[in-house]
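File shown: entry_23.cif. Contents: mmCIF, C-alpha atoms.
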```
data_final
#
loop_
_atom_site.label_atom_id
_atom_site.label_comp_id
_atom_site.auth_asym_id
_atom_site.auth_seq_id
_atom_site.Cartn_x
_atom_site.Cartn_y
_atom_site.Cartn_z
CA MET A 1 -23.88 -24.98 31.51
CA LEU A 2 -23.29 -27.24 34.50
CA SER A 3 -21.10 -26.48 37.47
CA ASP A 4 -18.89 -29.52 36.88
CA ASP A 5 -18.30 -28.80 33.18
CA SER A 6 -14.57 -28.51 32.60
CA TRP A 7 -14.96 -25.15 30.84
CA VAL A 8 -16.88 -23.73 33.81
CA GLN A 9 -14.28 -24.92 36.32
CA ASN A 10 -11.38 -23.67 34.20
CA THR A 11 -13.08 -20.32 33.67
CA LEU A 12 -13.24 -19.86 37.43
CA ARG A 13 -9.58 -20.87 37.79
CA ALA A 14 -8.56 -18.50 34.99
CA VAL A 15 -10.39 -15.55 36.52
CA GLU A 16 -8.91 -16.28 39.95
CA PHE A 17 -5.45 -16.42 38.35
CA ALA A 18 -6.02 -13.09 36.60
CA VAL A 19 -7.30 -11.33 39.72
CA LYS A 20 -4.45 -12.65 41.92
CA ASN A 21 -1.92 -11.39 39.35
CA GLY A 22 -3.44 -7.92 39.36
CA PHE A 23 -4.98 -7.99 35.88
CA GLU A 24 -8.04 -5.97 34.98
CA ILE A 25 -10.40 -8.37 33.21
CA LEU A 26 -11.86 -7.54 29.82
CA THR A 27 -15.14 -9.34 29.11
CA SER A 28 -18.69 -8.74 27.90
CA ILE A 29 -22.36 -9.55 28.45
CA GLY A 30 -25.15 -11.31 26.56
CA LEU A 31 -23.59 -14.79 26.31
CA ARG A 32 -23.17 -17.10 29.27
CA ASN A 33 -19.46 -17.70 28.70
CA HIS A 34 -18.76 -13.95 28.90
CA GLU A 35 -21.12 -13.43 31.82
CA LEU A 36 -19.60 -16.29 33.78
CA VAL A 37 -16.28 -14.43 33.55
CA LEU A 38 -17.97 -11.26 34.80
CA TRP A 39 -19.67 -13.16 37.64
CA ALA A 40 -16.41 -14.82 38.69
CA ALA A 41 -14.61 -11.47 38.64
CA ALA A 42 -17.29 -10.08 40.94
CA GLU A 43 -16.91 -13.08 43.27
CA PHE A 44 -13.13 -12.59 43.44
CA SER A 45 -13.48 -8.78 43.79
CA GLY A 46 -11.61 -8.21 40.55
CA ARG A 47 -11.59 -5.10 38.39
CA VAL A 48 -13.39 -5.43 35.06
CA ARG A 49 -13.95 -3.59 31.81
CA VAL A 50 -17.12 -4.76 30.12
CA VAL A 51 -17.76 -4.41 26.40
CA VAL A 52 -21.45 -3.56 25.99
CA PRO A 53 -23.83 -2.47 23.22
CA GLN A 54 -24.28 1.29 23.15
CA SER A 55 -27.85 0.96 24.43
CA ILE A 56 -26.79 -0.72 27.69
CA SER A 57 -26.33 1.26 30.91
CA CYS A 58 -23.17 0.43 32.85
CA GLN A 59 -25.05 1.19 36.06
CA ASP A 60 -27.57 -1.53 35.18
CA VAL A 61 -24.76 -4.03 34.58
CA ALA A 62 -23.16 -3.16 37.91
CA ILE A 63 -26.48 -3.59 39.72
CA ASP A 64 -27.26 -6.90 37.98
CA PHE A 65 -23.86 -8.35 38.94
CA GLU A 66 -23.86 -6.61 42.34
CA MET A 67 -20.53 -4.93 41.72
CA PRO A 68 -19.32 -1.70 43.35
CA PRO A 69 -18.93 1.06 40.73
CA GLU A 70 -15.21 1.45 41.44
CA LEU A 71 -14.56 -2.11 40.16
CA ILE A 72 -16.44 -1.89 36.85
CA ARG A 73 -16.10 0.21 33.72
CA CYS A 74 -18.04 -0.25 30.50
CA ILE A 75 -16.89 0.21 26.92
CA PRO A 76 -19.73 0.85 24.45
CA VAL A 77 -19.21 -0.76 21.04
CA SER A 78 -21.60 -0.06 18.17
CA GLY A 79 -23.15 -2.77 16.03
CA LYS A 80 -26.16 -5.07 15.95
CA GLY A 81 -26.83 -8.80 16.14
CA ARG A 82 -24.11 -11.26 15.16
CA SER A 83 -22.05 -8.50 13.59
CA TRP A 84 -21.80 -6.96 17.07
CA TRP A 85 -20.55 -10.30 18.41
CA ARG A 86 -17.67 -10.24 15.93
CA LEU A 87 -16.84 -6.61 16.72
CA ARG A 88 -16.92 -7.38 20.45
CA ASP A 89 -14.60 -10.39 20.11
CA ARG A 90 -12.14 -8.45 17.96
CA PHE A 91 -12.12 -5.51 20.38
CA ILE A 92 -11.41 -7.79 23.36
CA VAL A 93 -8.65 -9.77 21.65
CA GLU A 94 -6.92 -6.72 20.18
CA ASN A 95 -7.05 -4.69 23.40
CA ALA A 96 -6.02 -7.40 25.87
CA ASP A 97 -2.44 -7.48 27.15
CA VAL A 98 -2.81 -11.16 28.02
CA ILE A 99 -5.31 -13.62 26.52
CA ILE A 100 -6.48 -16.65 28.53
CA PRO A 101 -8.47 -18.96 26.24
CA VAL A 102 -10.58 -21.63 27.94
CA SER A 103 -13.09 -23.31 25.62
CA ILE A 104 -12.87 -22.20 21.99
CA ARG A 105 -15.23 -23.49 19.31
CA PRO A 106 -13.23 -25.04 16.47
CA GLY A 107 -13.54 -22.99 13.30
CA GLY A 108 -15.23 -20.13 15.13
CA ASN A 109 -14.51 -16.41 15.15
CA LEU A 110 -12.43 -16.49 18.32
CA GLU A 111 -10.22 -19.27 17.02
CA SER A 112 -9.42 -17.28 13.89
CA LEU A 113 -8.65 -14.16 15.96
CA LEU A 114 -6.35 -16.10 18.29
CA ASP A 115 -4.45 -17.60 15.35
CA GLY A 116 -3.14 -14.13 14.55
CA MET A 117 -1.94 -13.34 18.07
CA PRO A 118 1.70 -13.63 19.26
CA SER A 119 2.13 -16.83 21.25
CA ASP A 120 3.78 -15.02 24.17
CA LYS A 121 0.55 -13.06 24.67
CA ILE A 122 -1.50 -16.22 25.30
CA VAL A 123 -1.73 -18.18 28.58
CA ARG A 124 -2.73 -21.71 27.56
CA ARG A 125 -2.74 -23.50 30.93
CA PHE A 126 -6.53 -23.20 31.33
CA ARG A 127 -7.44 -24.40 27.85
CA THR A 128 -9.98 -27.25 27.78
CA PRO A 129 -11.70 -29.05 24.87
CA TYR A 130 -14.70 -27.20 23.49
CA GLN A 131 -18.02 -28.14 25.05
CA SER A 132 -21.41 -26.78 24.04
CA ASP A 133 -23.76 -25.23 26.56
CA CYS A 134 -26.22 -27.53 28.36
CA SER A 135 -29.08 -26.40 26.09
CA GLY A 136 -27.76 -28.96 23.62
CA ARG A 137 -27.66 -31.69 26.29
CA LEU A 138 -31.23 -31.55 27.55
CA PRO A 139 -33.09 -34.85 27.65
CA SER A 140 -35.23 -35.37 24.57
CA PRO A 141 -38.97 -34.96 25.22
CA PRO A 142 -41.04 -38.14 25.31
CA VAL A 143 -42.68 -39.39 22.14
CA LYS A 144 -46.44 -39.82 22.21
CA ASP A 145 -46.30 -43.61 22.60
CA GLU A 146 -44.27 -43.20 25.82
CA ILE A 147 -46.97 -41.14 27.54
CA LYS A 148 -49.88 -42.64 29.39
CA LEU A 149 -53.23 -41.03 30.10
CA PRO A 150 -54.09 -40.57 33.77
CA GLU A 151 -56.29 -43.28 35.22
CA PHE A 152 -59.12 -40.82 35.81
CA PRO A 153 -61.07 -38.31 33.66
CA TRP A 154 -58.82 -35.37 32.81
CA ASN A 155 -60.62 -32.12 33.57
CA HIS A 156 -57.71 -29.83 34.42
CA LEU A 157 -55.80 -26.84 33.12
CA THR A 158 -52.03 -27.40 33.10
CA HIS A 159 -49.13 -24.98 33.30
CA TRP A 160 -46.17 -26.79 31.69
CA THR A 161 -42.66 -25.74 32.69
CA HIS A 162 -39.47 -25.66 30.65
CA THR A 163 -35.76 -25.31 31.23
CA THR A 164 -34.68 -21.67 31.48
CA PHE A 165 -31.35 -19.99 30.77
CA GLU A 166 -31.84 -16.65 32.44
CA PRO A 167 -32.55 -15.36 35.96
CA GLY A 168 -35.94 -15.94 37.50
CA MET A 169 -38.33 -13.18 38.49
CA GLY A 170 -36.64 -10.79 40.93
CA GLU A 171 -33.29 -12.56 40.62
CA THR A 172 -30.05 -10.82 39.66
CA LYS A 173 -27.42 -12.22 37.30
CA ARG A 174 -25.09 -12.50 40.31
CA GLN A 175 -27.60 -14.76 42.06
CA PHE A 176 -28.32 -16.71 38.84
CA TYR A 177 -24.69 -17.68 38.17
CA ARG A 178 -23.95 -18.33 41.83
CA LYS A 179 -26.85 -20.79 41.94
CA ILE A 180 -25.59 -22.61 38.82
CA VAL A 181 -22.00 -22.86 40.05
CA SER A 182 -23.13 -24.00 43.51
CA ALA A 183 -25.34 -26.79 42.13
CA LYS A 184 -23.40 -30.04 41.94
CA GLY A 185 -24.34 -32.59 39.31
CA TYR A 186 -27.55 -30.95 38.11
CA TYR A 187 -28.84 -27.81 36.41
CA PRO A 188 -30.88 -25.74 38.90
CA TYR A 189 -33.10 -24.19 36.20
CA SER A 190 -34.25 -27.42 34.54
CA ALA A 191 -37.96 -27.96 33.89
CA PHE A 192 -38.19 -30.28 36.93
CA GLU A 193 -36.31 -27.86 39.19
CA ASN A 194 -38.53 -25.01 37.99
CA LEU A 195 -41.61 -27.08 38.87
CA LYS A 196 -40.13 -27.73 42.32
CA ASN A 197 -39.62 -23.98 42.74
CA ILE A 198 -43.28 -23.35 41.88
CA LEU A 199 -44.34 -25.90 44.49
CA LYS A 200 -41.91 -24.49 47.06
CA THR A 201 -42.93 -20.84 46.61
CA ARG A 202 -46.58 -21.72 45.90
CA LYS A 203 -46.51 -19.20 43.09
CA ILE A 204 -46.29 -19.19 39.28
CA PHE A 205 -44.61 -15.99 38.19
CA ALA A 206 -46.17 -14.29 35.19
CA THR A 207 -44.13 -13.39 32.11
CA PRO A 208 -44.72 -10.58 29.59
CA THR A 209 -45.79 -12.71 26.66
CA VAL A 210 -48.56 -10.57 25.23
CA ARG A 211 -48.94 -7.08 23.84
CA ASN A 212 -48.23 -3.97 25.87
CA GLY A 213 -46.00 -5.88 28.28
CA VAL A 214 -48.94 -7.34 30.22
CA ARG A 215 -47.65 -10.22 32.35
CA VAL A 216 -49.63 -13.47 32.24
CA VAL A 217 -49.42 -17.12 33.26
CA SER A 218 -50.36 -19.57 30.51
CA PHE A 219 -52.25 -22.84 30.89
CA THR A 220 -53.60 -25.40 28.45
CA ALA A 221 -56.79 -27.45 28.43
CA LEU A 222 -55.02 -30.24 26.54
CA ASN A 223 -54.60 -33.52 28.36
CA PRO A 224 -51.01 -34.78 28.87
CA VAL A 225 -51.00 -37.06 25.83
CA ASP A 226 -52.24 -34.33 23.50
CA SER A 227 -49.82 -31.84 25.10
CA GLN A 228 -46.90 -33.97 23.87
CA ARG A 229 -46.99 -32.38 20.41
CA ASN A 230 -45.86 -29.10 21.97
CA MET A 231 -42.98 -30.76 23.81
CA ARG A 232 -40.66 -29.87 20.96
CA TRP A 233 -37.65 -27.70 20.34
CA ALA A 234 -38.70 -24.09 19.66
CA ALA A 235 -35.78 -22.55 17.76
CA PHE A 236 -37.27 -19.06 17.99
CA ARG A 237 -37.14 -19.33 21.80
CA GLY A 238 -33.87 -21.27 22.06
CA ARG A 239 -35.49 -23.91 24.29
CA TYR A 240 -38.15 -26.61 24.37
CA TYR A 241 -41.61 -25.07 24.13
CA TRP A 242 -42.96 -27.34 26.89
CA GLU A 243 -41.32 -30.14 28.84
CA PRO A 244 -43.04 -33.03 30.66
CA TYR A 245 -43.33 -31.22 34.01
CA GLY A 246 -46.31 -29.16 35.06
CA ILE A 247 -48.86 -28.15 37.65
CA ALA A 248 -52.49 -28.99 36.86
CA ILE A 249 -55.51 -27.28 38.44
CA ALA A 250 -59.05 -28.66 38.44
CA PHE A 251 -60.95 -26.83 35.73
CA ASP A 252 -63.81 -25.47 37.85
CA VAL A 253 -61.40 -24.17 40.50
CA ALA A 254 -59.17 -22.58 37.83
CA VAL A 255 -62.14 -20.71 36.35
CA GLU A 256 -63.24 -19.52 39.80
CA MET A 257 -59.74 -18.08 40.29
CA GLY A 258 -59.91 -15.97 37.14
CA ILE A 259 -58.19 -18.17 34.56
CA ARG A 260 -59.86 -17.43 31.24
CA PRO A 261 -59.70 -18.89 27.72
CA VAL A 262 -57.57 -17.14 25.14
CA ILE A 263 -59.37 -15.17 22.44
CA TYR A 264 -57.96 -16.26 19.09
CA GLY A 265 -58.28 -13.97 16.11
CA ASP A 266 -56.68 -11.46 13.75
CA GLU A 267 -55.86 -7.78 14.08
CA ALA A 268 -59.49 -6.81 13.50
CA THR A 269 -60.49 -9.08 16.39
CA PHE A 270 -57.95 -7.40 18.67
CA LEU A 271 -59.15 -3.89 17.86
CA LYS A 272 -62.73 -4.80 18.78
CA LEU A 273 -61.78 -6.09 22.24
CA LYS A 274 -62.31 -4.11 25.42
CA GLU A 275 -59.16 -3.06 27.27
CA ASN A 276 -59.60 -5.72 29.97
CA GLU A 277 -60.02 -8.43 27.30
CA ARG A 278 -56.85 -7.67 25.36
CA PRO A 279 -54.43 -9.57 27.64
CA TYR A 280 -56.26 -12.74 26.55
CA PHE A 281 -55.80 -12.13 22.83
CA GLN A 282 -53.64 -14.47 20.75
CA PRO A 283 -53.15 -14.23 16.96
CA VAL A 284 -54.29 -17.43 15.30
CA GLY A 285 -50.98 -17.75 13.41
CA ARG A 286 -50.34 -18.14 9.71
CA ARG A 287 -52.06 -21.53 9.56
CA GLY A 288 -54.23 -21.22 12.66
CA GLN A 289 -51.76 -23.38 14.58
CA TRP A 290 -52.13 -21.57 17.89
CA ARG A 291 -55.78 -22.60 18.31
CA ALA A 292 -54.62 -26.20 18.78
CA GLU A 293 -52.85 -25.18 21.99
CA MET A 294 -56.21 -24.54 23.72
CA GLU A 295 -54.59 -21.86 25.86
CA TYR A 296 -56.00 -20.22 28.97
CA ARG A 297 -54.43 -17.27 30.81
CA HIS A 298 -54.26 -15.65 34.20
CA VAL A 299 -53.22 -11.98 34.30
CA GLY A 300 -50.43 -11.46 36.82
CA ASP A 301 -48.71 -13.97 39.12
CA PHE A 302 -50.82 -16.99 40.07
CA ASP A 303 -50.90 -17.76 43.82
CA LEU A 304 -51.29 -21.47 44.51
CA ARG A 305 -51.88 -20.85 48.22
CA HIS A 306 -55.52 -20.08 47.44
CA VAL A 307 -56.07 -23.34 45.53
CA PRO A 308 -57.45 -26.28 47.55
CA ARG A 309 -54.75 -28.94 47.74
CA ASP A 310 -57.08 -31.62 46.38
CA ALA A 311 -57.56 -29.50 43.24
CA LEU A 312 -53.85 -29.65 42.38
CA ILE A 313 -51.83 -32.33 40.59
CA ALA A 314 -48.10 -32.19 39.91
CA VAL A 315 -47.24 -33.82 36.59
CA VAL A 316 -43.74 -35.23 36.12
CA ARG A 317 -41.98 -37.52 33.69
CA THR A 318 -41.05 -40.59 35.74
CA GLU A 319 -42.52 -42.56 38.63
CA GLU A 320 -39.37 -41.87 40.68
CA GLU A 321 -39.93 -38.11 40.24
CA ALA A 322 -43.59 -38.50 41.24
CA ILE A 323 -42.58 -40.23 44.47
CA GLU A 324 -39.98 -37.53 45.19
CA THR A 325 -42.45 -34.72 44.48
CA GLU A 326 -45.14 -36.16 46.75
CA ALA A 327 -42.61 -36.62 49.56
CA LEU A 328 -41.21 -33.10 49.25
CA PHE A 329 -44.41 -31.11 48.79
CA ASP A 330 -47.29 -33.23 50.12
CA ILE A 331 -49.11 -32.97 46.80
CA ARG A 332 -50.61 -35.58 44.52
CA ALA A 333 -48.19 -36.31 41.69
CA ILE A 334 -48.56 -38.43 38.58
CA SER A 335 -45.96 -39.60 36.07
CA LEU A 336 -46.40 -39.49 32.31
CA GLN A 337 -44.03 -42.32 31.44
CA LYS A 338 -45.51 -45.73 30.81
CA ALA A 339 -44.15 -48.51 33.01
#
```
Let me see the file written as structure tokens.
Amino acid sequence: MLSDDSWVQNTLRAVEFAVKNGFEILTSIGLRNHELVLWAAAEFSGRVRVVVPQSISCQDVAIDFEMPPELIRCIPVSGKGRSWWRLRDRFIVENADVIIPVSIRPGGNLESLLDGMPSDKIVRRFRTPYQSDCSGRLPSPPVKDEIKLPEFPWNHLTHWTHTTFEPGMGETKRQFYRKIVSAKGYYPYSAFENLKNILKTRKIFATPTVRNGVRVVSFTALNPVDSQRNMRWAAFRGRYYWEPYGIAIAFDVAVEMGIRPVIYGDEATFLKLKENERPYFQPVGRRGQWRAEMEYRHVGDFDLRHVPRDALIAVVRTEEEAIETEALFDIRAISLQKA
């Protein structure tokens, strides 16, 4: 999803058209195409009805999109998973007085629903050819032969970044979509942009990736060449697992600041751990594959302000990005790509 995508621009035009003509907009949440409509309606101060799963609070939706309660109503629809998607689409199409299609996937559920609608109910002026979201247009990760080892002994722990498709820590959906639409010619949540944000804020925000919702920051002891095997598409996450952008911390400094190795094991291992050890537990996996990641963790957000500057290295893909990073953040930066 890029700001200059034709479907994004036409969605904004369609919502503006609907609001100016006094329509109440019927949309949903959970997918970026629906949420872009909701965001645009909020920007144009339009009235909306939002189809939501029964478990979702309308107050939470209003807060996330920063909408006054008098402009938003929610319609709970029962169902789970992809079956709920179909029920949601049918409800919206059948209950709309006017339908404004923008980017419809050929052969998809919406196309079949629209085929059964009277033509005078459909406004076609904003229709644009179908275009997938930007998750399918990310640059492919480098292959191992394209990566060079640093020209010095590697004794660092690295936090690799990745492209994200949801708001950052403390960010609302209103802020998230506004940032995307305002960015011209680039995606503001790419792996490189996320690394820049870490360097700008001097903080790596923790995420709840372990049991009991404990928030941690993950690092790896692998060198950049060996890290390449984890720069792959992770279907279960809907993103690349790692991308070739990271912040590396000298090993001895990282240990002094409380970064500890992960404890790999099975359920019996977990039950034997003390309470303060459990955030570092990681199941070995069905074939022991997680051990190969050589993971370390820090519990809670990691503050880079307390790390000596000479103990930090920014790792990026290209030499041009290394030059840019050093100029912007006064930090040593190295590129992975061979000349």
| Selected residue, from A:Pro69, A:Pro208, A:Gly108, A:Gly30, that lies nearest to A:Lys173 when counting all atoms listed in the file | A:Gly30
| task | Decode the PyMOL selection byres ((chain A and resi 174) around 10) for the given file into explicit residues and return them as a ChimeraX atom specification. | result | /A:35-36,38-40,42-43,62-67,167,171-173,175-179
| task | Could you state which residues are captured by the PyMOL selection byres ((chain A and resi 319) around 12) in this file, as a list in words? | result | Lys148, Ala314, Val315, Val316, Arg317, Thr318, Glu320, Glu321, Ala322, Ile323, Glu324, Thr325, Glu326, Ala333, Ile334, Ser335, Leu336, Gln337, Lys338 and Ala339 of chain A
| task | On this file, the PyMOL selection byres ((chain A and resi 247-255) around 7) gives some set of residues; write that set as JSON, numbers by chain. | result | {"A": [155, 156, 157, 158, 159, 160, 246, 256, 257, 258, 259, 260, 311, 312, 313, 314, 315]}
| note | Computed gap from atom CA of A:Arg47 to atom CA of A:Leu71 is 4.6 Å
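If all atoms listed in the file are the atoms counted, then among A:Glu267, A:Asp97, A:Asp5, A:Glu70 the closest residue to A:Phe23 is A:Asp97.
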| request: Report the distance between atom CA of A:Ile122 and atom CA of A:Val77 in Å, rounded to one decimal place. | output: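 Between atom CA of A:Ile122 and atom CA of A:Val77 the gap is 23.9 Å.
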| said: Rounded to one decimal, what separation in Å do you get between atom CA of A:Pro308 and atom CA of A:Phe152? | reply: 18.8 Å
| message | Show me, as a VMD selection string, the residues that have an atom within 12 Å of A:Met1 when counting all atoms listed in the file, minus same-chain residues fewer than 4 positions from it. | response | chain A and resid 5 to 9 11 31 to 33 35 to 36 131 to 138 163 to 166 176 to 177 179 to 181 183 to 190
| query | Got a sec: who's within 9 Å of stretch 272-279 of chain A, counting all atoms listed in the file, leaving out chain neighbours fewer than 3 positions off, as an MDAnalysis selection string? | reply | chainID A and resid 210:212 214:216 262:263 267:269 282 297:299
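For A:Leu114, the residues within 10 Å (counting all atoms listed in the file, excluding itself and residues fewer than 2 positions away along the chain) are Arg90, Val93, Glu94, Ile99, Pro101, Ile104, Asn109, Leu110, Glu111, Ser112, Gly116, Met117, Pro118, Ser119, Lys121 and Ile122 of chain A.
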| task | Please work out which residues fall within 6 Å of (-59.2, -16.4, 12.7), coordinates as given in the file, with only C-alpha atoms counting, and return them as a PyMOL selection string. | result | chain A and resi 265-266+284
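With only C-alpha atoms as the atoms that count, the minimum distance from A:Arg305 to the choices A:Val217, A:Lys200, A:Arg232, A:Val98 is reached by A:Lys200.
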| Using all atoms listed in the file, which of A:Arg202, A:Thr161, A:Arg86, A:Ala41 sits nearest A:Phe17? |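 Distance minimum relative to A:Phe17 lands on A:Ala41.
Of the residues listed (A:Val37, A:Ala18, A:Ile92, A:Val307), A:Ile92 shows the shortest atom-to-atom separation from A:Val52; distances use only C-alpha atoms.
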Export stretch 154-241 of chain A, C-alpha atoms, as a PDB file, in the first residue's frame; it's the structure right above.
```pdb
ATOM      1  CA  TRP A 154      32.158  -9.960  14.048  1.00  0.00           C
ATOM      2  CA  ASN A 155      31.451  -9.994  17.773  1.00  0.00           C
ATOM      3  CA  HIS A 156      28.041  -8.326  17.910  1.00  0.00           C
ATOM      4  CA  LEU A 157      24.410  -9.056  18.639  1.00  0.00           C
ATOM      5  CA  THR A 158      22.080  -7.790  15.902  1.00  0.00           C
ATOM      6  CA  HIS A 159      18.443  -6.748  15.977  1.00  0.00           C
ATOM      7  CA  TRP A 160      17.177  -7.183  12.392  1.00  0.00           C
ATOM      8  CA  THR A 161      14.197  -5.129  11.273  1.00  0.00           C
ATOM      9  CA  HIS A 162      11.409  -5.978   8.850  1.00  0.00           C
ATOM     10  CA  THR A 163       8.649  -4.212   6.983  1.00  0.00           C
ATOM     11  CA  THR A 164       5.519  -3.782   9.102  1.00  0.00           C
ATOM     12  CA  PHE A 165       1.871  -3.422   8.124  1.00  0.00           C
ATOM     13  CA  GLU A 166       0.369  -2.163  11.350  1.00  0.00           C
ATOM     14  CA  PRO A 167       0.797   0.851  13.647  1.00  0.00           C
ATOM     15  CA  GLY A 168       3.950   1.197  15.689  1.00  0.00           C
ATOM     16  CA  MET A 169       4.041   1.203  19.472  1.00  0.00           C
ATOM     17  CA  GLY A 170       1.787   3.950  20.838  1.00  0.00           C
ATOM     18  CA  GLU A 171       0.497   4.855  17.380  1.00  0.00           C
ATOM     19  CA  THR A 172      -3.192   4.954  16.438  1.00  0.00           C
ATOM     20  CA  LYS A 173      -4.659   3.677  13.172  1.00  0.00           C
ATOM     21  CA  ARG A 174      -5.473   7.302  12.298  1.00  0.00           C
ATOM     22  CA  GLN A 175      -1.787   8.216  12.605  1.00  0.00           C
ATOM     23  CA  PHE A 176      -0.694   5.040  10.772  1.00  0.00           C
ATOM     24  CA  TYR A 177      -2.788   5.660   7.642  1.00  0.00           C
ATOM     25  CA  ARG A 178      -2.075   9.380   7.635  1.00  0.00           C
ATOM     26  CA  LYS A 179       1.651   8.634   7.610  1.00  0.00           C
ATOM     27  CA  ILE A 180       1.272   6.205   4.686  1.00  0.00           C
ATOM     28  CA  VAL A 181      -0.858   8.571   2.604  1.00  0.00           C
ATOM     29  CA  SER A 182       1.465  11.504   3.331  1.00  0.00           C
ATOM     30  CA  ALA A 183       4.599   9.597   2.253  1.00  0.00           C
ATOM     31  CA  LYS A 184       5.319  10.220  -1.413  1.00  0.00           C
ATOM     32  CA  GLY A 185       7.109   7.548  -3.407  1.00  0.00           C
ATOM     33  CA  TYR A 186       8.053   5.269  -0.518  1.00  0.00           C
ATOM     34  CA  TYR A 187       6.512   3.094   2.186  1.00  0.00           C
ATOM     35  CA  PRO A 188       7.144   4.659   5.623  1.00  0.00           C
ATOM     36  CA  TYR A 189       7.106   1.306   7.451  1.00  0.00           C
ATOM     37  CA  SER A 190       9.698  -0.497   5.322  1.00  0.00           C
ATOM     38  CA  ALA A 191      12.575  -2.319   7.035  1.00  0.00           C
ATOM     39  CA  PHE A 192      14.950   0.570   6.218  1.00  0.00           C
ATOM     40  CA  GLU A 193      12.497   3.216   7.448  1.00  0.00           C
ATOM     41  CA  ASN A 194      11.928   1.207  10.633  1.00  0.00           C
ATOM     42  CA  LEU A 195      15.696   1.107  11.202  1.00  0.00           C
ATOM     43  CA  LYS A 196      15.825   4.878  10.688  1.00  0.00           C
ATOM     44  CA  ASN A 197      13.070   5.271  13.279  1.00  0.00           C
ATOM     45  CA  ILE A 198      15.074   3.210  15.781  1.00  0.00           C
ATOM     46  CA  LEU A 199      18.103   5.431  15.202  1.00  0.00           C
ATOM     47  CA  LYS A 200      16.000   8.598  15.411  1.00  0.00           C
ATOM     48  CA  THR A 201      14.203   7.663  18.644  1.00  0.00           C
ATOM     49  CA  ARG A 202      17.236   5.815  20.049  1.00  0.00           C
ATOM     50  CA  LYS A 203      14.898   3.072  21.178  1.00  0.00           C
ATOM     51  CA  ILE A 204      13.898  -0.432  20.075  1.00  0.00           C
ATOM     52  CA  PHE A 205      10.333  -1.050  21.155  1.00  0.00           C
ATOM     53  CA  ALA A 206       9.649  -4.477  22.613  1.00  0.00           C
ATOM     54  CA  THR A 207       6.922  -6.731  21.250  1.00  0.00           C
ATOM     55  CA  PRO A 208       4.913  -9.432  23.065  1.00  0.00           C
ATOM     56  CA  THR A 209       6.451 -12.448  21.388  1.00  0.00           C
ATOM     57  CA  VAL A 210       6.691 -14.823  24.325  1.00  0.00           C
ATOM     58  CA  ARG A 211       4.337 -16.422  26.807  1.00  0.00           C
ATOM     59  CA  ASN A 212       2.211 -14.419  29.211  1.00  0.00           C
ATOM     60  CA  GLY A 213       2.423 -11.316  27.024  1.00  0.00           C
ATOM     61  CA  VAL A 214       5.918 -10.400  28.241  1.00  0.00           C
ATOM     62  CA  ARG A 215       7.380  -7.832  25.834  1.00  0.00           C
ATOM     63  CA  VAL A 216      10.928  -8.446  24.609  1.00  0.00           C
ATOM     64  CA  VAL A 217      13.426  -7.247  22.013  1.00  0.00           C
ATOM     65  CA  SER A 218      15.119 -10.037  20.057  1.00  0.00           C
ATOM     66  CA  PHE A 219      18.722 -10.155  18.871  1.00  0.00           C
ATOM     67  CA  THR A 220      20.843 -12.787  17.174  1.00  0.00           C
ATOM     68  CA  ALA A 221      24.484 -13.780  17.600  1.00  0.00           C
ATOM     69  CA  LEU A 222      24.654 -14.835  13.941  1.00  0.00           C
ATOM     70  CA  ASN A 223      26.929 -12.825  11.699  1.00  0.00           C
ATOM     71  CA  PRO A 224      25.319 -11.085   8.683  1.00  0.00           C
ATOM     72  CA  VAL A 225      26.150 -13.842   6.198  1.00  0.00           C
ATOM     73  CA  ASP A 226      24.707 -16.576   8.409  1.00  0.00           C
ATOM     74  CA  SER A 227      21.678 -14.373   9.184  1.00  0.00           C
ATOM     75  CA  GLN A 228      20.739 -14.458   5.490  1.00  0.00           C
ATOM     76  CA  ARG A 229      18.983 -17.822   5.845  1.00  0.00           C
ATOM     77  CA  ASN A 230      16.343 -16.128   8.003  1.00  0.00           C
ATOM     78  CA  MET A 231      15.797 -13.355   5.461  1.00  0.00           C
ATOM     79  CA  ARG A 232      12.918 -15.307   3.972  1.00  0.00           C
ATOM     80  CA  TRP A 233       9.188 -14.984   3.581  1.00  0.00           C
ATOM     81  CA  ALA A 234       7.385 -16.145   6.749  1.00  0.00           C
ATOM     82  CA  ALA A 235       3.864 -17.027   5.621  1.00  0.00           C
ATOM     83  CA  PHE A 236       2.656 -17.474   9.203  1.00  0.00           C
ATOM     84  CA  ARG A 237       3.588 -13.828   9.887  1.00  0.00           C
ATOM     85  CA  GLY A 238       2.593 -12.398   6.500  1.00  0.00           C
ATOM     86  CA  ARG A 239       5.997 -10.722   6.088  1.00  0.00           C
ATOM     87  CA  TYR A 240       9.704 -11.412   5.731  1.00  0.00           C
ATOM     88  CA  TYR A 241      11.107 -12.863   8.946  1.00  0.00           C
TER      89      TYR A 241
END
```
